[in-house]
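The data block below is target_9.txt; it holds compact mmCIF, C-alpha atoms and all ligand atoms.
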# COMPACT_ATOMS: atom_id res chain seq x y z
CA MET A 1 -15.33 11.95 19.90
CA SER A 2 -14.00 12.38 16.36
CA ILE A 3 -10.33 11.76 17.08
CA VAL A 4 -9.63 8.75 19.23
CA LYS A 5 -6.23 7.86 20.61
CA THR A 6 -6.78 4.90 22.90
CA ILE A 7 -8.26 1.45 22.43
CA SER A 8 -10.53 1.96 25.40
CA ASP A 9 -12.05 5.14 23.86
CA LEU A 10 -12.23 3.36 20.54
CA ASN A 11 -14.28 0.54 22.04
CA THR A 12 -16.66 3.02 23.69
CA THR A 13 -17.30 4.69 20.32
CA LEU A 14 -17.49 1.45 18.35
CA VAL A 15 -20.09 -0.11 20.66
CA LYS A 16 -22.49 2.67 19.66
CA GLN A 17 -21.90 2.06 15.95
CA GLN A 18 -21.94 -1.70 15.85
CA SER A 19 -25.30 -3.10 14.92
CA LYS A 20 -26.33 -5.64 12.32
CA SER A 21 -27.57 -3.03 9.88
CA ASN A 22 -24.65 -0.57 10.15
CA LYS A 23 -21.77 -0.92 7.76
CA ILE A 24 -18.42 0.07 9.23
CA GLY A 25 -15.66 1.03 6.77
CA LEU A 26 -11.98 1.07 7.65
CA VAL A 27 -9.22 2.94 5.83
CA PRO A 28 -5.84 2.08 7.41
CA THR A 29 -3.08 4.59 6.64
CA MET A 30 0.30 5.72 7.89
CA GLY A 31 -0.66 9.37 7.48
CA SER A 32 0.86 12.10 5.26
CA LEU A 33 -2.33 11.78 3.31
CA HIS A 34 -2.51 12.58 -0.38
CA GLU A 35 -5.25 12.34 -3.02
CA GLY A 36 -4.75 8.57 -3.21
CA HIS A 37 -5.74 8.17 0.45
CA LEU A 38 -8.53 10.72 0.09
CA SER A 39 -10.01 8.71 -2.77
CA LEU A 40 -10.12 5.65 -0.48
CA ILE A 41 -11.82 7.71 2.23
CA ARG A 42 -14.36 9.13 -0.23
CA ASN A 43 -15.07 5.66 -1.51
CA ALA A 44 -15.59 4.41 2.05
CA SER A 45 -17.84 7.38 2.85
CA ASN A 46 -20.03 6.56 -0.16
CA LYS A 47 -20.42 2.93 0.82
CA CYS A 48 -20.48 2.82 4.64
CA ASP A 49 -22.58 4.17 7.52
CA PHE A 50 -19.49 4.84 9.63
CA VAL A 51 -15.96 5.43 8.37
CA TRP A 52 -12.79 5.11 10.39
CA VAL A 53 -9.42 6.29 9.15
CA THR A 54 -6.43 5.07 11.13
CA ILE A 55 -3.12 6.92 11.17
CA PHE A 56 -0.29 4.86 12.56
CA ILE A 57 3.28 4.60 11.30
CA ASN A 58 3.78 0.94 12.00
CA PRO A 59 7.39 0.32 13.10
CA LYS A 60 7.11 -3.42 12.48
CA GLN A 61 6.81 -3.04 8.71
CA PHE A 62 10.04 -1.04 8.29
CA ASN A 63 13.14 -3.08 7.76
CA SER A 64 15.40 -0.09 8.31
CA LEU A 65 15.35 2.31 11.24
CA ASP A 66 16.46 5.19 8.98
CA ASP A 67 13.48 4.54 6.69
CA PHE A 68 11.14 4.50 9.71
CA ASN A 69 12.57 7.73 11.13
CA ALA A 70 12.44 9.46 7.74
CA TYR A 71 8.80 8.52 7.07
CA PRO A 72 6.88 11.81 6.65
CA LYS A 73 4.50 12.95 9.40
CA ASP A 74 1.80 15.60 9.02
CA ILE A 75 -0.99 14.82 11.50
CA ASP A 76 -2.58 18.30 11.64
CA ASN A 77 -2.97 18.50 7.89
CA ASP A 78 -4.11 14.88 7.73
CA VAL A 79 -6.94 15.63 10.15
CA LYS A 80 -7.96 18.74 8.16
CA LYS A 81 -8.00 16.78 4.91
CA ILE A 82 -10.12 13.99 6.39
CA PHE A 83 -12.68 16.36 7.92
CA SER A 84 -12.87 18.28 4.63
CA ILE A 85 -14.43 15.10 3.21
CA SER A 86 -16.88 14.75 6.08
CA LYS A 87 -17.05 15.85 9.70
CA HIS A 88 -18.64 12.48 10.52
CA ILE A 89 -15.51 10.46 9.78
CA LYS A 90 -13.71 9.16 12.86
CA ILE A 91 -9.94 9.05 13.13
CA PHE A 92 -7.91 6.63 15.22
CA ILE A 93 -4.38 7.86 16.00
CA PRO A 94 -2.86 5.43 18.49
CA SER A 95 0.62 5.57 20.01
CA THR A 96 3.07 2.73 19.44
CA ASN A 97 2.53 1.70 23.06
CA GLU A 98 -1.19 1.50 22.52
CA MET A 99 -0.79 -0.83 19.53
CA TYR A 100 2.14 -2.83 20.90
CA PRO A 101 1.80 -2.73 24.71
CA ASP A 102 3.88 -5.81 25.47
CA LYS A 103 6.99 -7.29 23.93
CA LYS A 104 5.44 -10.65 23.14
CA PHE A 105 6.78 -12.57 20.18
CA ASP A 106 5.39 -11.52 16.83
CA GLU A 107 3.22 -13.85 14.80
CA ASN A 108 5.00 -15.27 11.78
CA TYR A 109 2.89 -15.52 8.68
CA GLU A 110 3.73 -17.72 5.72
CA PHE A 111 2.43 -16.09 2.57
CA GLU A 112 4.52 -18.27 0.25
CA GLN A 113 5.38 -16.71 -3.11
CA ILE A 114 3.16 -13.62 -2.81
CA GLY A 115 5.14 -12.67 0.30
CA ASN A 116 8.59 -13.61 -0.96
CA VAL A 117 9.00 -11.90 -4.33
CA LEU A 118 9.14 -8.21 -5.34
CA GLU A 119 8.71 -6.11 -2.16
CA GLY A 120 8.95 -9.28 -0.05
CA LYS A 121 12.42 -9.95 -1.45
CA TYR A 122 13.72 -6.38 -1.19
CA ARG A 123 12.14 -5.59 2.18
CA PRO A 124 12.47 -8.78 4.25
CA GLY A 125 9.91 -8.88 7.07
CA HIS A 126 7.90 -6.01 5.59
CA PHE A 127 4.75 -7.99 4.81
CA ASN A 128 4.87 -9.81 8.14
CA GLY A 129 4.82 -6.37 9.80
CA VAL A 130 1.96 -5.24 7.57
CA ALA A 131 0.02 -8.41 8.41
CA ILE A 132 0.57 -7.94 12.15
CA ILE A 133 -0.84 -4.40 12.18
CA VAL A 134 -3.63 -5.02 9.69
CA LYS A 135 -4.81 -8.05 11.69
CA LYS A 136 -4.74 -5.99 14.90
CA LEU A 137 -6.81 -3.26 13.22
CA PHE A 138 -9.30 -5.74 11.78
CA ASP A 139 -9.66 -7.34 15.23
CA LEU A 140 -10.18 -3.94 16.88
CA PHE A 141 -12.71 -2.54 14.41
CA SER A 142 -14.47 -5.65 13.04
CA PRO A 143 -15.08 -3.66 9.85
CA ASN A 144 -17.55 -4.74 7.17
CA MET A 145 -15.53 -3.10 4.40
CA VAL A 146 -11.86 -2.18 4.10
CA PHE A 147 -10.20 0.07 1.53
CA PHE A 148 -6.68 -0.18 0.11
CA GLY A 149 -4.87 1.32 -2.89
CA GLU A 150 -3.83 -0.56 -6.01
CA LYS A 151 -0.45 1.19 -5.95
CA ASP A 152 0.52 -1.33 -3.28
CA PHE A 153 -0.85 -4.19 -5.35
CA GLN A 154 1.25 -6.87 -3.64
CA GLN A 155 0.10 -5.61 -0.22
CA THR A 156 -3.51 -6.03 -1.36
CA LEU A 157 -2.77 -9.69 -2.18
CA ILE A 158 -1.34 -10.17 1.33
CA ILE A 159 -4.40 -8.57 2.88
CA LYS A 160 -6.75 -10.64 0.72
CA ARG A 161 -4.91 -13.74 1.98
CA LEU A 162 -5.35 -12.60 5.62
CA ILE A 163 -9.03 -11.99 4.93
CA SER A 164 -9.43 -15.46 3.42
CA TRP A 165 -7.78 -17.02 6.52
CA TYR A 166 -9.42 -15.04 9.31
CA TYR A 167 -12.16 -12.67 8.15
CA PRO A 168 -14.27 -14.19 5.37
CA LYS A 169 -17.03 -11.63 5.97
CA ILE A 170 -14.86 -8.56 5.33
CA LYS A 171 -15.24 -7.06 1.87
CA ILE A 172 -12.07 -5.50 0.49
CA PHE A 173 -12.12 -2.67 -2.05
CA VAL A 174 -8.94 -2.11 -4.03
CA CYS A 175 -9.11 1.44 -5.40
CA PRO A 176 -7.23 2.70 -8.47
CA THR A 177 -3.83 4.36 -8.17
CA ILE A 178 -4.07 8.13 -8.24
CA ARG A 179 -1.38 9.84 -10.33
CA ASN A 180 -0.19 13.41 -10.69
CA LYS A 181 -0.53 15.20 -14.04
CA ASP A 182 2.71 13.57 -15.26
CA GLY A 183 1.57 10.07 -14.36
CA LEU A 184 3.67 9.68 -11.22
CA ALA A 185 1.80 7.51 -8.71
CA LEU A 186 1.00 9.52 -5.57
CA SER A 187 2.92 8.29 -2.54
CA SER A 188 3.70 9.83 0.83
CA ARG A 189 7.36 9.20 0.00
CA ASN A 190 7.26 11.56 -3.04
CA GLN A 191 7.68 14.52 -0.69
CA LEU A 192 11.08 13.17 0.41
CA ILE A 193 12.43 13.71 -3.11
CA SER A 194 13.99 17.00 -4.16
CA LYS A 195 11.87 19.24 -6.43
CA LYS A 196 14.44 18.99 -9.20
CA LEU A 197 14.23 15.19 -9.33
CA LEU A 198 10.51 14.87 -8.56
CA SER A 199 9.68 16.29 -11.98
CA LYS A 200 11.88 13.57 -13.54
CA CYS A 201 10.06 10.76 -11.72
CA LYS A 202 7.45 10.58 -14.45
CA ILE A 203 9.96 8.29 -16.18
CA ILE A 204 8.78 5.50 -13.83
CA PHE A 205 5.23 5.41 -15.21
CA GLU A 206 6.45 6.14 -18.74
CA THR A 207 8.72 3.11 -18.47
CA LEU A 208 5.84 0.91 -17.32
CA GLN A 209 3.83 2.08 -20.32
CA PHE A 210 6.79 1.40 -22.62
CA ALA A 211 7.11 -2.11 -21.15
CA LYS A 212 3.38 -2.73 -21.60
CA ALA A 213 3.66 -1.82 -25.28
CA ASN A 214 6.70 -4.06 -25.84
CA TYR A 215 6.73 -7.03 -23.45
CA GLU A 216 5.01 -9.44 -25.81
CA LYS A 217 7.36 -8.82 -28.71
CA THR A 218 10.65 -8.43 -26.81
CA ASP A 219 12.61 -11.08 -24.89
CA PHE A 220 12.55 -10.22 -21.23
CA PRO A 221 16.33 -9.75 -20.67
CA ILE A 222 16.44 -7.28 -23.57
CA LEU A 223 13.35 -5.43 -22.29
CA LEU A 224 14.87 -5.26 -18.82
CA GLU A 225 18.07 -3.72 -20.16
CA GLU A 226 16.09 -1.14 -22.15
CA ILE A 227 14.14 -0.28 -19.01
CA ARG A 228 17.31 0.00 -16.93
CA LYS A 229 18.80 2.38 -19.51
CA LYS A 230 15.68 4.57 -19.50
CA ILE A 231 15.51 4.72 -15.69
CA GLU A 232 19.21 5.12 -15.00
CA ILE A 233 19.76 7.97 -17.44
CA LEU A 234 20.19 10.15 -14.32
CA ASP A 235 22.80 9.16 -11.70
CA GLU A 236 20.30 9.55 -8.85
CA PHE A 237 17.91 6.94 -10.33
CA LYS A 238 18.59 3.24 -9.72
CA LEU A 239 16.30 0.47 -10.96
CA GLU A 240 15.76 -1.97 -8.12
CA TYR A 241 13.49 -4.36 -9.99
CA PHE A 242 11.20 -4.61 -12.95
CA GLU A 243 9.21 -7.83 -13.25
CA ILE A 244 6.08 -9.03 -14.98
CA ARG A 245 3.98 -11.33 -12.83
CA ASP A 246 0.48 -12.69 -12.75
CA GLU A 247 -2.09 -10.95 -10.58
CA GLU A 248 -3.08 -13.93 -8.46
CA LYS A 249 -0.01 -15.85 -7.33
CA LEU A 250 2.67 -13.51 -8.67
CA ASP A 251 4.07 -16.21 -10.97
CA LEU A 252 6.48 -14.82 -13.56
CA PHE A 253 5.07 -13.98 -16.99
CA CYS A 254 5.21 -16.71 -19.59
CA LYS A 255 4.31 -15.98 -23.20
CA GLY A 256 1.04 -17.61 -24.27
CA GLU A 257 -0.35 -18.11 -20.74
CA LYS A 258 -3.94 -16.99 -20.29
CA LYS A 259 -3.63 -15.11 -17.01
CA SER A 260 -3.80 -11.46 -15.98
CA PHE A 261 -0.32 -10.00 -15.91
CA ARG A 262 1.00 -6.83 -14.35
CA GLY A 263 4.32 -5.01 -14.58
CA PHE A 264 5.91 -4.15 -11.23
CA ILE A 265 8.70 -1.65 -10.79
CA SER A 266 10.78 -0.28 -7.94
CA VAL A 267 13.16 2.62 -8.42
CA LYS A 268 15.43 4.28 -5.89
CA VAL A 269 15.54 8.03 -6.39
CA GLU A 270 18.16 9.70 -4.17
CA GLY A 271 17.88 6.55 -2.05
CA ILE A 272 14.05 6.84 -1.68
CA ARG A 273 12.19 3.77 -2.93
CA LEU A 274 9.29 4.46 -5.27
CA ILE A 275 7.12 1.58 -6.45
CA ASP A 276 4.47 1.38 -9.13
CA ASN A 277 2.64 -1.23 -11.15
CA LEU A 278 0.46 -1.41 -14.24
CA LEU A 279 -1.97 -3.95 -15.62
CA PHE A 280 -0.46 -5.34 -18.83
CA LYS A 281 -3.06 -7.91 -19.84
CA ASN A 282 -6.20 -9.39 -18.35
O1 LIG A 301 -0.27 0.95 3.03
C1 LIG A 301 0.01 1.44 4.14
O2 LIG A 301 -0.01 2.65 4.35
C2 LIG A 301 0.37 0.52 5.27
O3 LIG A 301 1.12 -0.57 4.82
C3 LIG A 301 -0.84 0.03 6.09
C4 LIG A 301 -1.75 -0.83 5.25
C5 LIG A 301 -1.60 1.23 6.63
C6 LIG A 301 -0.38 -0.81 7.28
O4 LIG A 301 0.44 -0.09 8.12

Once more with this new file: its structure as C-alpha cells, please.
Ligand code: PAF
Amino acid sequence: MSIVKTISDLNTTLVKQQSKSNKIGLVPTMGSLHEGHLSLIRNASNKCDFVWVTIFINPKQFNSLDDFNAYPKDIDNDVKKIFSISKHIKIFIPSTNEMYPDKKFDENYEFEQIGNVLEGKYRPGHFNGVAIIVKKLFDLFSPNMVFFGEKDFQQTLIIKRLISWYYPKIKIFVCPTIRNKDGLALSSRNQLISKKLLSKCKIIFETLQFAKANYEKTDFPILLEEIRKKIEILDEFKLEYFEIRDEEKLDLFCKGEKKSFRGFISVKVEGIRLIDNLLFKN
C-alpha cells in the first residue's frame, strides 16, 4: 500500500519495514507541496531505506479558524508530485479523527523563550499544537531521520527540543529554504496571495538582505523604521515583526556578542502571514 489512511494500516506496513538495519525517514507536511517540500523528500530519499511523507492539516496548530479553513489543499497533485520523486515513497494521509480520536486534554509543553517570542508571540498556542502532532507522528513512525525546512527556523528549534526530551536517537535534518527566482521563500500560503501582489513579495527577502548589510552599523530602532518603510510602501503590506535573534535560544542580538544571529521577519500581505529568516552572522 503506497497511500495509507489509517493507523492500523500504517502499523501493518511499518512492521515490515522496521528492522535494525533499515533507516526510516519521515517528512511531515500539511500538503500543498512545493519545491521546498520536494527538496526535503529528495533529501530523505537519498539518505533513507524507506521514506514516509505525511499530509495532515493539523487543526491544533492554528490559532484562528479562518486561517485553518483557508489553508490550501491539493491532495491529488501532492500525491503526483511525491510519486514523481519515487514510486517507493509511502504517504500517510490520516483524517482528523484518526489523529485525534478522543477529546482528552492536550499536553502542555513549556519551551520557554524559543516558544514565546516571534511566532510564539504572534500565534499563541501554535507551537504547542505543532509539538502535539509532531510527537504523535514520531511515536507512530519511530523514524531514524526526520526532515524539516529552515524557512520555519523557530519550528526546527521546537522540534530539536522535543527530540532532546523524548527521542535522542532521531537525527533531524534542517534543509535550506527554497526560493523563487525573485528570492521569495516558497510557502504553501503564497498561493493565497493575488498575482499582482505576489510579484511584489520579493521585498521581504530584499529587506532581510538590506538588514543583513546594515544591522551592525545601524541602531536597531532606526533599522526597524527603515525596514517598516520599505515593507509598507504598499497599503496591502504590513510588517508584523522584524527581529534579530541568536540561533540557539533566540536571545535578542547584542553588538559584540560572539553568537550566530539570524534576522526574522513576518509580513502580512492582504492579511496572509508570510515569514522568512536569514542567517546574518555565524
Ligand atoms: O511545517 C509544517 O508544515 C507543520 O508545522 C508540521 C511540521 C507538518 C506539523 O503539522

Interatomic distance, CA of Lys238 (chain A) to CA of Phe111 (chain A) (Å, one decimal): 28.0 Å

Could you please extract the residues within 10 Å of ligand LIG 301 (chain A), counting all atoms listed in the file, and hand them back as a ChimeraX atom specification? /A:27-33,37,53-62,126-127,129-135,137,147-153,155-156,159,187-188

What is the CA of Ile272 (chain A)-CA of Leu224 (chain A) distance in Å, reported with one decimal?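 Atom-to-atom, CA of Ile272 (chain A) to CA of Leu224 (chain A), that is 21.0 Å.
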
Residues at most 8 Å from region 38-49 of chain A, counting all atoms listed in the file, excluding those fewer than 6 positions away in the same chain, as a PyMOL selection string? chain A and resi 22-27+81-82+85+89+145-149+175

Compile the contact shell of region 105-107 of chain A as an mmCIF file with C-alpha atoms, keeping the file's coordinate frame: residues with an atom at most 8 Å away, counting only C-alpha atoms, same-chain residues fewer than 2 positions apart removed.
data_model
loop_
_atom_site.group_PDB
_atom_site.id
_atom_site.type_symbol
_atom_site.label_atom_id
_atom_site.label_comp_id
_atom_site.auth_asym_id
_atom_site.auth_seq_id
_atom_site.Cartn_x
_atom_site.Cartn_y
_atom_site.Cartn_z
ATOM 1 C CA LYS A 103 6.990 -7.290 23.930
ATOM 2 C CA TYR A 109 2.890 -15.520 8.680
ATOM 3 C CA ASN A 128 4.870 -9.810 8.140
ATOM 4 C CA ILE A 132 0.570 -7.940 12.150
#

Name the closest residue to Gln18 (chain A) among the candidates A:Leu197, A:Pro143, A:Asp66, A:Glu257; distances are taken between atoms, counting all atoms listed in the file.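 Of the candidates, the smallest distance to Gln18 (chain A) is held by A:Pro143.
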
A straight line from CA of Ile231 (chain A) to CA of Asn282 (chain A) spans 26.0 Å

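Proximity ranking of A:Arg273, A:Lys136, A:Arg245, A:Lys259 relative to Ile193 (chain A) places A:Arg273 first, based on all atoms listed in the file.
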
Of the candidates A:Phe205, A:Ile93, A:Tyr122, A:Tyr215, which one gets nearest to Asp76 (chain A) if we count all atoms listed in the file?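 Comparing A:Phe205, A:Ile93, A:Tyr122, A:Tyr215 against Asp76 (chain A), the winner is A:Ile93.
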
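Around the point (-14.4, -1.8, 15.3), within 10 Å and counting only C-alpha atoms, we find these residues: Ile7, Leu10, Asn11, Thr12, Thr13, Leu14, Val15, Gln17, Gln18, Ile24, Gly25, Leu26, Trp52, Leu137, Phe138, Asp139, Leu140, Phe141, Ser142, Pro143 and Asn144 of chain A.
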
Applying 12 Å and all atoms listed in the file, which residues near Asp235 (chain A) remain after dropping the ones on its own chain fewer than 4 positions away? List them as an mmCIF file with C-alpha atoms, keeping the file's coordinate frame.
data_model
loop_
_atom_site.group_PDB
_atom_site.id
_atom_site.type_symbol
_atom_site.label_atom_id
_atom_site.label_comp_id
_atom_site.auth_asym_id
_atom_site.auth_seq_id
_atom_site.Cartn_x
_atom_site.Cartn_y
_atom_site.Cartn_z
ATOM 1 C CA LEU A 197 14.230 15.190 -9.330
ATOM 2 C CA LYS A 200 11.880 13.570 -13.540
ATOM 3 C CA ARG A 228 17.310 0.000 -16.930
ATOM 4 C CA LYS A 229 18.800 2.380 -19.510
ATOM 5 C CA LYS A 230 15.680 4.570 -19.500
ATOM 6 C CA ILE A 231 15.510 4.720 -15.690
ATOM 7 C CA LEU A 239 16.300 0.470 -10.960
ATOM 8 C CA LYS A 268 15.430 4.280 -5.890
ATOM 9 C CA VAL A 269 15.540 8.030 -6.390
ATOM 10 C CA GLU A 270 18.160 9.700 -4.170
ATOM 11 C CA GLY A 271 17.880 6.550 -2.050
#

Find the residues around Leu208 (chain A) up to 8 Å (only C-alpha atoms counted), leave out those fewer than 6 positions away in its own chain, and share them as a PyMOL selection string. chain A and resi 263-265+277-278

Kindly save the residues from that selection, with C-alpha atoms included, as a PDB file, keeping the file's coordinate frame.
ATOM      1  CA  GLY A 263       4.320  -5.010 -14.580  1.00  0.00           C
ATOM      2  CA  PHE A 264       5.910  -4.150 -11.230  1.00  0.00           C
ATOM      3  CA  ILE A 265       8.700  -1.650 -10.790  1.00  0.00           C
ATOM      4  CA  ASN A 277       2.640  -1.230 -11.150  1.00  0.00           C
ATOM      5  CA  LEU A 278       0.460  -1.410 -14.240  1.00  0.00           C
TER       6      LEU A 278
END

Of the listed residues A:Arg123, A:His34, A:Lys196, A:Lys5, that which approaches Asn180 (chain A) most closely, counting only C-alpha atoms: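 Going through A:Arg123, A:His34, A:Lys196, A:Lys5 one by one, the smallest distance to Asn180 (chain A) is for A:His34.
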
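Nearest to Asn97 (chain A) of all the residues A:Ser164, A:Thr218, A:Gln209, A:Thr6 is A:Thr6, based on all atoms listed in the file.
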
Using only C-alpha atoms, can you list as a list in words the residues within 7 Å of (16.5, -7.7, 8.0)? Asn63, Pro124 and Gly125 of chain A

What lies within 9 Å of Val79 (chain A) using only C-alpha atoms, ignoring chain neighbours under 5 positions off, as a PyMOL selection string? chain A and resi 3+74+84+91

Centre and size of axis-aligned box enclosing region 89-96 of chain A plus 6 Å each side, as AutoDock Vina command-line options:
--center_x -6.2 --center_y 6.6 --center_z 14.9 --size_x 30.6 --size_y 19.7 --size_z 22.2
